[in-house]
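Enquirer: This is my_file-v4.cif (mmCIF, C-alpha atoms).
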```cif
data_start
#
loop_
_atom_site.label_atom_id
_atom_site.label_comp_id
_atom_site.auth_asym_id
_atom_site.auth_seq_id
_atom_site.Cartn_x
_atom_site.Cartn_y
_atom_site.Cartn_z
CA MET F 131 -27.34 -6.80 -18.51
CA THR F 132 -27.78 -3.92 -20.98
CA ILE F 133 -26.03 -0.56 -21.04
CA ALA F 134 -29.28 1.00 -19.83
CA ASP F 135 -29.13 -1.24 -16.74
CA GLN F 136 -25.52 -0.18 -16.08
CA ILE F 137 -26.09 3.59 -16.05
CA LEU F 138 -25.52 5.04 -12.58
CA TYR F 139 -25.76 8.75 -13.44
CA GLU F 140 -26.45 10.85 -16.52
CA ASP F 141 -26.95 14.50 -17.42
CA ASN F 142 -26.22 16.58 -20.52
CA HIS F 143 -22.48 16.50 -19.87
CA LEU F 144 -21.54 13.26 -18.07
CA LEU F 145 -22.55 9.63 -17.90
CA ALA F 146 -21.42 7.09 -15.30
CA ILE F 147 -21.47 3.34 -15.96
CA ASN F 148 -21.27 0.42 -13.55
CA LYS F 149 -18.57 -1.52 -15.41
CA LEU F 150 -18.78 -5.29 -15.17
CA PRO F 151 -15.69 -7.52 -14.83
CA GLY F 152 -14.49 -8.49 -18.29
CA GLN F 153 -15.65 -5.31 -20.01
CA ILE F 154 -13.01 -3.00 -21.43
CA THR F 155 -13.34 0.76 -20.97
CA GLN F 156 -11.61 1.78 -24.18
CA GLY F 157 -10.68 -0.09 -27.36
CA ASP F 158 -7.50 -2.17 -27.25
CA LYS F 159 -5.59 -4.70 -29.35
CA THR F 160 -8.13 -7.45 -28.61
CA GLY F 161 -10.68 -5.69 -30.79
CA ASP F 162 -13.43 -6.54 -28.29
CA PRO F 163 -16.36 -4.10 -27.98
CA CYS F 164 -15.54 -1.40 -25.43
CA LEU F 165 -17.78 0.56 -23.08
CA ALA F 166 -17.20 3.84 -24.89
CA ASP F 167 -18.45 2.37 -28.19
CA LEU F 168 -21.35 0.53 -26.56
CA VAL F 169 -22.47 3.74 -24.88
CA LYS F 170 -22.23 5.65 -28.17
CA GLU F 171 -24.42 3.10 -29.89
CA TYR F 172 -26.91 3.06 -27.02
CA LEU F 173 -27.25 6.87 -26.99
CA LYS F 174 -27.54 7.01 -30.78
CA VAL F 175 -30.49 4.60 -30.75
CA ARG F 176 -32.14 5.87 -27.56
CA ASP F 177 -31.99 9.53 -28.54
CA ASN F 178 -32.52 8.89 -32.27
CA LYS F 179 -29.39 10.85 -33.18
CA PRO F 180 -28.66 11.02 -36.92
CA GLY F 181 -24.94 11.82 -36.67
CA GLN F 182 -21.98 10.78 -34.58
CA VAL F 183 -22.40 10.55 -30.82
CA TYR F 184 -19.61 11.90 -28.61
CA CYS F 185 -18.34 9.78 -25.73
CA GLY F 186 -14.98 10.59 -24.11
CA VAL F 187 -13.21 8.38 -21.58
CA ILE F 188 -12.27 10.34 -18.45
CA HIS F 189 -10.56 7.46 -16.62
CA ARG F 190 -10.26 3.71 -17.06
CA LEU F 191 -10.52 0.52 -15.04
CA ASP F 192 -8.57 -2.66 -15.72
CA ARG F 193 -10.54 -5.32 -17.59
CA PRO F 194 -11.07 -7.68 -14.59
CA VAL F 195 -12.10 -4.80 -12.27
CA SER F 196 -15.70 -3.70 -11.68
CA GLY F 197 -17.27 -0.41 -10.66
CA VAL F 198 -17.81 3.23 -11.59
CA VAL F 199 -16.46 4.53 -14.90
CA LEU F 200 -17.17 8.16 -15.76
CA LEU F 201 -17.59 9.20 -19.40
CA ALA F 202 -18.02 12.63 -20.98
CA LYS F 203 -20.81 13.45 -23.43
CA THR F 204 -19.10 16.62 -24.67
CA SER F 205 -15.51 17.56 -25.48
CA LYS F 206 -15.70 20.48 -23.03
CA ALA F 207 -16.73 18.17 -20.18
CA LEU F 208 -13.96 15.75 -21.13
CA SER F 209 -11.18 18.35 -21.10
CA ARG F 210 -12.35 19.82 -17.79
CA MET F 211 -12.69 16.42 -16.11
CA VAL F 212 -9.33 15.17 -17.40
CA GLU F 213 -7.77 18.25 -15.83
CA LYS F 214 -9.50 17.45 -12.52
CA VAL F 215 -8.06 13.93 -12.67
CA ARG F 216 -4.60 15.36 -13.41
CA THR F 217 -4.76 17.82 -10.50
CA ARG F 218 -6.25 15.20 -8.15
CA GLU F 219 -9.60 16.93 -7.79
CA PHE F 220 -11.25 13.64 -8.69
CA GLU F 221 -11.57 11.32 -5.69
CA LYS F 222 -11.72 7.56 -6.32
CA HIS F 223 -12.52 4.93 -3.69
CA TYR F 224 -12.16 1.19 -4.17
CA TRP F 225 -12.90 -1.93 -2.19
CA ALA F 226 -10.33 -4.71 -2.41
CA VAL F 227 -10.58 -8.23 -1.03
CA VAL F 228 -7.07 -9.44 -0.14
CA LYS F 229 -5.76 -12.76 1.15
CA ASN F 230 -3.56 -11.51 4.00
CA ALA F 231 -3.87 -8.78 6.61
CA PRO F 232 -1.88 -5.63 5.82
CA PRO F 233 1.06 -4.83 8.15
CA GLN F 234 -1.02 -2.06 9.77
CA PRO F 235 -4.85 -1.71 9.87
CA ALA F 236 -4.54 1.60 8.00
CA GLY F 237 -1.76 3.40 6.23
CA ILE F 238 -0.34 5.13 3.18
CA LEU F 239 1.58 3.30 0.46
CA GLU F 240 4.01 5.32 -1.63
CA ASN F 241 6.18 3.60 -4.22
CA TRP F 242 7.84 4.14 -7.55
CA LEU F 243 6.27 1.96 -10.25
CA VAL F 244 7.72 0.92 -13.59
CA LYS F 245 5.47 -0.58 -16.24
CA ASN F 246 6.74 -3.52 -18.31
CA GLU F 247 4.92 -3.18 -21.64
CA GLU F 248 5.72 -6.73 -22.83
CA ARG F 249 4.30 -8.37 -19.70
CA ASN F 250 1.59 -5.74 -19.14
CA LYS F 251 2.65 -5.61 -15.50
CA SER F 252 4.03 -2.99 -13.12
CA TYR F 253 6.89 -3.42 -10.66
CA VAL F 254 7.66 -1.62 -7.41
CA PHE F 255 10.94 0.21 -6.75
CA GLY F 256 11.91 1.92 -3.53
CA ALA F 257 13.44 4.97 -5.18
CA ALA F 258 13.10 7.03 -8.33
CA ARG F 259 14.63 5.59 -11.49
CA PRO F 260 14.21 6.08 -15.26
CA ASN F 261 10.61 5.56 -16.42
CA ALA F 262 9.36 5.20 -12.83
CA LYS F 263 6.20 7.02 -11.72
CA LEU F 264 5.33 7.88 -8.13
CA ALA F 265 2.26 6.00 -6.89
CA ARG F 266 0.36 6.86 -3.72
CA LEU F 267 -2.74 5.44 -2.04
CA GLU F 268 -4.36 5.26 1.37
CA TYR F 269 -5.88 2.04 2.67
CA LYS F 270 -7.98 1.03 5.67
CA GLU F 271 -9.04 -2.44 6.71
CA ILE F 272 -12.82 -2.41 7.23
CA ALA F 273 -13.72 -6.10 7.69
CA VAL F 274 -12.32 -9.62 8.06
CA SER F 275 -13.99 -12.78 6.74
CA ASN F 276 -13.33 -15.87 8.85
CA GLY F 277 -9.75 -14.77 9.28
CA SER F 278 -9.04 -15.62 5.63
CA TYR F 279 -9.93 -12.56 3.58
CA HIS F 280 -9.60 -8.89 4.45
CA LEU F 281 -11.69 -6.10 2.97
CA LEU F 282 -9.78 -2.88 2.37
CA ASP F 283 -11.08 0.57 1.54
CA ILE F 284 -8.69 2.27 -0.88
CA ASN F 285 -8.45 6.02 -1.52
CA LEU F 286 -6.44 6.30 -4.71
CA HIS F 287 -4.27 9.43 -4.90
CA THR F 288 -2.60 8.67 -8.25
CA GLY F 289 -3.73 6.62 -11.23
CA ARG F 290 -0.79 4.49 -12.28
CA HIS F 291 -0.87 1.30 -14.33
CA HIS F 292 -2.14 -1.57 -12.12
CA GLN F 293 -1.33 0.61 -9.12
CA ILE F 294 -3.60 -0.89 -6.46
CA ARG F 295 -2.87 -4.44 -7.59
CA CYS F 296 0.88 -3.87 -7.61
CA GLN F 297 1.17 -1.91 -4.37
CA LEU F 298 -1.00 -4.29 -2.34
CA ALA F 299 0.90 -7.31 -3.66
CA ASN F 300 4.13 -5.57 -2.63
CA ILE F 301 3.05 -5.56 1.04
CA GLY F 302 2.04 -9.23 0.89
CA CYS F 303 -1.67 -8.63 0.24
CA PRO F 304 -2.48 -9.86 -3.29
CA ILE F 305 -6.04 -9.21 -4.40
CA LYS F 306 -8.27 -12.26 -4.50
CA GLY F 307 -8.26 -13.78 -8.00
CA ASP F 308 -5.36 -11.67 -9.26
CA LEU F 309 -2.97 -14.36 -10.55
CA LYS F 310 -0.76 -11.75 -12.22
CA TYR F 311 0.12 -10.26 -8.83
CA GLY F 312 0.39 -13.35 -6.65
CA ALA F 313 -3.08 -14.71 -5.91
CA GLU F 314 -3.13 -18.47 -5.42
CA ARG F 315 -6.10 -19.09 -7.71
CA SER F 316 -8.38 -17.22 -10.06
CA ASN F 317 -11.99 -16.23 -9.49
CA PRO F 318 -14.45 -18.45 -11.41
CA ASP F 319 -15.55 -15.60 -13.70
CA GLY F 320 -12.03 -14.33 -14.42
CA SER F 321 -12.55 -11.19 -12.37
CA ILE F 322 -10.36 -9.93 -9.56
CA SER F 323 -11.90 -8.79 -6.27
CA LEU F 324 -11.31 -5.09 -6.82
CA HIS F 325 -14.30 -2.78 -7.12
CA ALA F 326 -14.34 0.96 -7.87
CA TYR F 327 -17.27 1.78 -5.64
CA SER F 328 -17.34 5.59 -5.79
CA VAL F 329 -16.05 8.72 -7.49
CA SER F 330 -16.48 12.27 -6.15
CA PHE F 331 -15.84 15.54 -7.97
CA GLU F 332 -17.10 19.03 -8.68
CA HIS F 333 -19.28 18.99 -11.77
CA PRO F 334 -17.42 20.65 -14.68
CA VAL F 335 -20.41 22.80 -15.69
CA THR F 336 -22.84 23.15 -12.77
CA HIS F 337 -20.03 23.12 -10.13
CA GLU F 338 -22.20 20.96 -7.88
CA TYR F 339 -20.19 18.47 -5.80
CA ILE F 340 -21.23 14.97 -6.84
CA THR F 341 -20.58 11.47 -5.50
CA ILE F 342 -21.51 8.51 -7.68
CA THR F 343 -21.60 5.07 -6.08
CA ALA F 344 -21.76 1.65 -7.73
CA PRO F 345 -23.65 -1.31 -6.24
CA ASN F 346 -21.31 -3.43 -4.12
CA ASP F 347 -23.25 -6.72 -4.17
CA GLU F 348 -20.61 -8.58 -6.16
CA ILE F 349 -17.67 -7.56 -4.00
CA ILE F 350 -19.57 -8.51 -0.85
CA LYS F 351 -20.35 -11.89 -2.39
CA MET F 352 -16.67 -12.37 -3.23
CA PHE F 353 -15.70 -11.35 0.29
CA ASN F 354 -17.98 -13.92 1.90
CA ILE F 355 -16.58 -16.86 -0.07
#
```
Once you've parsed the file, please lay out its structure as structure tokens.
Expert:
Amino acid sequence: MTIADQILYEDNHLLAINKLPGQITQGDKTGDPCLADLVKEYLKVRDNKPGQVYCGVIHRLDRPVSGVVLLAKTSKALSRMVEKVRTREFEKHYWAVVKNAPPQPAGILENWLVKNEERNKSYVFGAARPNAKLARLEYKEIAVSNGSYHLLDINLHTGRHHQIRCQLANIGCPIKGDLKYGAERSNPDGSISLHAYSVSFEHPVTHEYITITAPNDEIIKMFNI
């Protein structure tokens, strides 16, 4: 699949990509090609641009996670959208396939998370402590597959490191394929069954309210296993 095939939305200011599991949003220590650089190269060739192409990362998804990633094509759009993310005017919904039923069919999870840099993993604490960040999400169970897997709709209120993975594991609901947070086995392709299926926000320039949705074929396929 090419970058052109992954584009979900584009205008003069923003571009949304359907990130595949295994792709990285922004460059890291692995040195693997990242979405931001791939998009820059694609736009440079497609639009026959002689100079540098701008592509700013507004938010990120973990490497094994799929779904909508929003990028900025101008520095003004980036700064305005980053502020919307900071002030929680940027709504993110995910689907997660988990092994066990949550304690309640719907609820709010609020925890303090501490990131361990060496292990690249976050841990839950019940109260504030040094280096802890408050994490909050809403979940709702929307389907059950043969009594084995449960499909949850997640409305993410904060964007902490591995937040959904960590908070769901903490209530006994590890995400399918997520060995780091307690899944029994990995998915064949190395992904985890977490999909960022939509983002909603007011456009930073036109002020139109926009919802961008990613195809959910893969998560449905994972759910039916």
Enquirer: What's the 8 Å shell around range 269-278 of chain F, counting all atoms listed in the file, without same-chain residues fewer than 4 positions away, as a PyMOL selection string?
Expert: chain F and resi 229-230+232+235-239+282-285+353-354
Enquirer: How would you write, as a tab-separated table (two decimals) with C-alpha atoms, in the coordinates of the input, the residues chosen by the PyMOL selection byres ((chain F and resi 260) around 12) on this structure?
Expert:
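Listing of part.tsv after writing:
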```
chain	number	residue	atom	x	y	z
F	242	TRP	CA	7.84	4.14	-7.55
F	243	LEU	CA	6.27	1.96	-10.25
F	244	VAL	CA	7.72	0.92	-13.59
F	245	LYS	CA	5.47	-0.58	-16.24
F	255	PHE	CA	10.94	0.21	-6.75
F	257	ALA	CA	13.44	4.97	-5.18
F	258	ALA	CA	13.10	7.03	-8.33
F	259	ARG	CA	14.63	5.59	-11.49
F	261	ASN	CA	10.61	5.56	-16.42
F	262	ALA	CA	9.36	5.20	-12.83
F	263	LYS	CA	6.20	7.02	-11.72
F	264	LEU	CA	5.33	7.88	-8.13
```
Enquirer: At a cut-off of 10 Å, using all atoms listed in the file, what residues contact range 197-213 of chain F? Leave out same-chain residues fewer than 3 positions from it and give the result as a PyMOL selection string.
Expert: chain F and resi 136-151+155+165-166+169-170+173+183-191+216-220+222-225+324-329+331-335+342-346+348-349
Enquirer: From the list F:Arg176, F:Arg295, F:His287, F:His337, which residue is nearest Glu221 in chain F when using all atoms listed in the file?
Expert: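 Nearest to Glu221 in chain F: F:His287.
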Enquirer: Skipping near chain neighbours, those fewer than 6 positions away, what residues fall within 9 Å of Leu309 in chain F using only C-alpha atoms, listed as a short mmCIF file (atom, residue, chain, number, x, y, z; two decimals) with C-alpha atoms, in the frame of the given file?
Expert:
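Output file around12.cif is given in full below:
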```cif
data_model
loop_
_atom_site.label_atom_id
_atom_site.label_comp_id
_atom_site.auth_asym_id
_atom_site.auth_seq_id
_atom_site.Cartn_x
_atom_site.Cartn_y
_atom_site.Cartn_z
CA ARG F 315 -6.10 -19.09 -7.71
CA SER F 316 -8.38 -17.22 -10.06
CA ILE F 322 -10.36 -9.93 -9.56
#
```
Enquirer: Separation of CA of Ser330 in chain F and CA of Ile294 in chain F, in Å?
Expert: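 Computed distance, CA of Ser330 in chain F to CA of Ile294 in chain F, equals 18.4 Å.
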Enquirer: Please identify all polymer residues lying at most 7 Å from the point (-2.9, -0.8, -7.2) (file coordinates), using all atoms listed in the file, and present the result as a VMD selection string.
Expert: chain F and resid 292 to 298
Enquirer: Can those selected residues be exported to a file as a PDB file, keeping the file's coordinate frame so that it contains C-alpha atoms?
Expert:
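Produced file selection.pdb, reproduced below:
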```
ATOM      1  CA  HIS F 292      -2.140  -1.570 -12.120  1.00  0.00           C
ATOM      2  CA  GLN F 293      -1.330   0.610  -9.120  1.00  0.00           C
ATOM      3  CA  ILE F 294      -3.600  -0.890  -6.460  1.00  0.00           C
ATOM      4  CA  ARG F 295      -2.870  -4.440  -7.590  1.00  0.00           C
ATOM      5  CA  CYS F 296       0.880  -3.870  -7.610  1.00  0.00           C
ATOM      6  CA  GLN F 297       1.170  -1.910  -4.370  1.00  0.00           C
ATOM      7  CA  LEU F 298      -1.000  -4.290  -2.340  1.00  0.00           C
TER       8      LEU F 298
END
```
Enquirer: Counting all atoms listed in the file, figure out which residue out of F:Lys159, F:Arg290, F:Lys310, F:Lys174 gets nearest to Arg249 in chain F.
Expert: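 Of the candidates, the smallest distance to Arg249 in chain F is held by F:Lys310.
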Enquirer: Could you please determine the separation between CA of Val175 in chain F and CA of Thr132 in chain F in Å, to one decimal place?
Expert: 13.2 Å
Enquirer: What separation in Å, quoted to one decimal, exists between CA of Pro233 in chain F and CA of Gly302 in chain F?
Expert: 8.5 Å
Enquirer: With the PyMOL selection byres ((chain F and resi 317) around 9) as the selection, what would be picked from this file? Answer as a short mmCIF file (atom, residue, chain, number, x, y, z; two decimals) with C-alpha atoms, keeping the file's coordinate frame, please.
Expert:
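Ended up saving to part10.cif:
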```cif
data_model
loop_
_atom_site.label_atom_id
_atom_site.label_comp_id
_atom_site.auth_asym_id
_atom_site.auth_seq_id
_atom_site.Cartn_x
_atom_site.Cartn_y
_atom_site.Cartn_z
CA LYS F 306 -8.27 -12.26 -4.50
CA GLY F 307 -8.26 -13.78 -8.00
CA ASP F 308 -5.36 -11.67 -9.26
CA ARG F 315 -6.10 -19.09 -7.71
CA SER F 316 -8.38 -17.22 -10.06
CA PRO F 318 -14.45 -18.45 -11.41
CA ASP F 319 -15.55 -15.60 -13.70
CA GLY F 320 -12.03 -14.33 -14.42
CA SER F 321 -12.55 -11.19 -12.37
CA ILE F 322 -10.36 -9.93 -9.56
CA SER F 323 -11.90 -8.79 -6.27
CA MET F 352 -16.67 -12.37 -3.23
#
```
Enquirer: Choose the residue, out of F:Gly256, F:Ala226, F:Val215, F:Pro304, that has the smallest atom-to-atom separation from Ser196 in chain F; count all atoms listed in the file.
Expert: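 That would be F:Ala226, the residue with the smallest distance to Ser196 in chain F.
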Enquirer: Counting all atoms listed in the file, which of F:Glu171, F:Pro180, F:Leu267, F:Ala299 gets nearest to Ser252 in chain F?
Expert: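 Ranked by minimum distance to Ser252 in chain F, first place goes to F:Ala299.
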Enquirer: Since fewer atoms than expected are present, regenerate N, CA and C atoms for range 168-186 of chain F and write them as a PDB file, in the frame of the given file.
Expert:
```pdb
ATOM      1  N   LEU F 168     -20.022   1.026 -26.903  1.00  0.00           N
ATOM      2  CA  LEU F 168     -21.350   0.530 -26.560  1.00  0.00           C
ATOM      3  C   LEU F 168     -22.267   1.654 -26.099  1.00  0.00           C
ATOM      4  N   VAL F 169     -21.692   2.594 -25.336  1.00  0.00           N
ATOM      5  CA  VAL F 169     -22.470   3.740 -24.880  1.00  0.00           C
ATOM      6  C   VAL F 169     -22.853   4.636 -26.061  1.00  0.00           C
ATOM      7  N   LYS F 170     -21.920   4.858 -26.970  1.00  0.00           N
ATOM      8  CA  LYS F 170     -22.230   5.650 -28.170  1.00  0.00           C
ATOM      9  C   LYS F 170     -23.411   5.061 -28.931  1.00  0.00           C
ATOM     10  N   GLU F 171     -23.362   3.761 -29.145  1.00  0.00           N
ATOM     11  CA  GLU F 171     -24.420   3.100 -29.890  1.00  0.00           C
ATOM     12  C   GLU F 171     -25.747   3.169 -29.153  1.00  0.00           C
ATOM     13  N   TYR F 172     -25.687   2.985 -27.839  1.00  0.00           N
ATOM     14  CA  TYR F 172     -26.910   3.060 -27.020  1.00  0.00           C
ATOM     15  C   TYR F 172     -27.541   4.450 -27.108  1.00  0.00           C
ATOM     16  N   LEU F 173     -26.728   5.498 -26.952  1.00  0.00           N
ATOM     17  CA  LEU F 173     -27.250   6.870 -26.990  1.00  0.00           C
ATOM     18  C   LEU F 173     -27.781   7.218 -28.377  1.00  0.00           C
ATOM     19  N   LYS F 174     -27.111   6.730 -29.402  1.00  0.00           N
ATOM     20  CA  LYS F 174     -27.540   7.010 -30.780  1.00  0.00           C
ATOM     21  C   LYS F 174     -28.946   6.461 -31.023  1.00  0.00           C
ATOM     22  N   VAL F 175     -29.181   5.229 -30.554  1.00  0.00           N
ATOM     23  CA  VAL F 175     -30.490   4.600 -30.750  1.00  0.00           C
ATOM     24  C   VAL F 175     -31.531   5.217 -29.817  1.00  0.00           C
ATOM     25  N   ARG F 176     -31.182   5.349 -28.529  1.00  0.00           N
ATOM     26  CA  ARG F 176     -32.140   5.870 -27.560  1.00  0.00           C
ATOM     27  C   ARG F 176     -32.620   7.269 -27.894  1.00  0.00           C
ATOM     28  N   ASP F 177     -31.666   8.126 -28.288  1.00  0.00           N
ATOM     29  CA  ASP F 177     -31.990   9.530 -28.540  1.00  0.00           C
ATOM     30  C   ASP F 177     -32.277   9.828 -30.013  1.00  0.00           C
ATOM     31  N   ASN F 178     -32.238   8.759 -30.829  1.00  0.00           N
ATOM     32  CA  ASN F 178     -32.520   8.890 -32.270  1.00  0.00           C
ATOM     33  C   ASN F 178     -31.638   9.959 -32.909  1.00  0.00           C
ATOM     34  N   LYS F 179     -30.336   9.863 -32.656  1.00  0.00           N
ATOM     35  CA  LYS F 179     -29.390  10.850 -33.180  1.00  0.00           C
ATOM     36  C   LYS F 179     -28.946  10.443 -34.589  1.00  0.00           C
ATOM     37  N   PRO F 180     -29.036  11.362 -35.551  1.00  0.00           N
ATOM     38  CA  PRO F 180     -28.660  11.020 -36.920  1.00  0.00           C
ATOM     39  C   PRO F 180     -27.156  10.964 -37.163  1.00  0.00           C
ATOM     40  N   GLY F 181     -26.390  11.750 -36.430  1.00  0.00           N
ATOM     41  CA  GLY F 181     -24.940  11.820 -36.670  1.00  0.00           C
ATOM     42  C   GLY F 181     -24.133  11.052 -35.644  1.00  0.00           C
ATOM     43  N   GLN F 182     -22.872  11.422 -35.535  1.00  0.00           N
ATOM     44  CA  GLN F 182     -21.980  10.780 -34.580  1.00  0.00           C
ATOM     45  C   GLN F 182     -22.313  11.202 -33.147  1.00  0.00           C
ATOM     46  N   VAL F 183     -22.188  10.275 -32.237  1.00  0.00           N
ATOM     47  CA  VAL F 183     -22.400  10.550 -30.820  1.00  0.00           C
ATOM     48  C   VAL F 183     -21.039  10.669 -30.143  1.00  0.00           C
ATOM     49  N   TYR F 184     -20.884  11.691 -29.312  1.00  0.00           N
ATOM     50  CA  TYR F 184     -19.610  11.900 -28.610  1.00  0.00           C
ATOM     51  C   TYR F 184     -19.616  11.139 -27.291  1.00  0.00           C
ATOM     52  N   CYS F 185     -18.502  10.467 -27.010  1.00  0.00           N
ATOM     53  CA  CYS F 185     -18.340   9.780 -25.730  1.00  0.00           C
ATOM     54  C   CYS F 185     -16.846   9.711 -25.411  1.00  0.00           C
ATOM     55  N   GLY F 186     -16.394  10.531 -24.463  1.00  0.00           N
ATOM     56  CA  GLY F 186     -14.980  10.590 -24.110  1.00  0.00           C
ATOM     57  C   GLY F 186     -14.714   9.849 -22.810  1.00  0.00           C
TER      58      GLY F 186
END
```
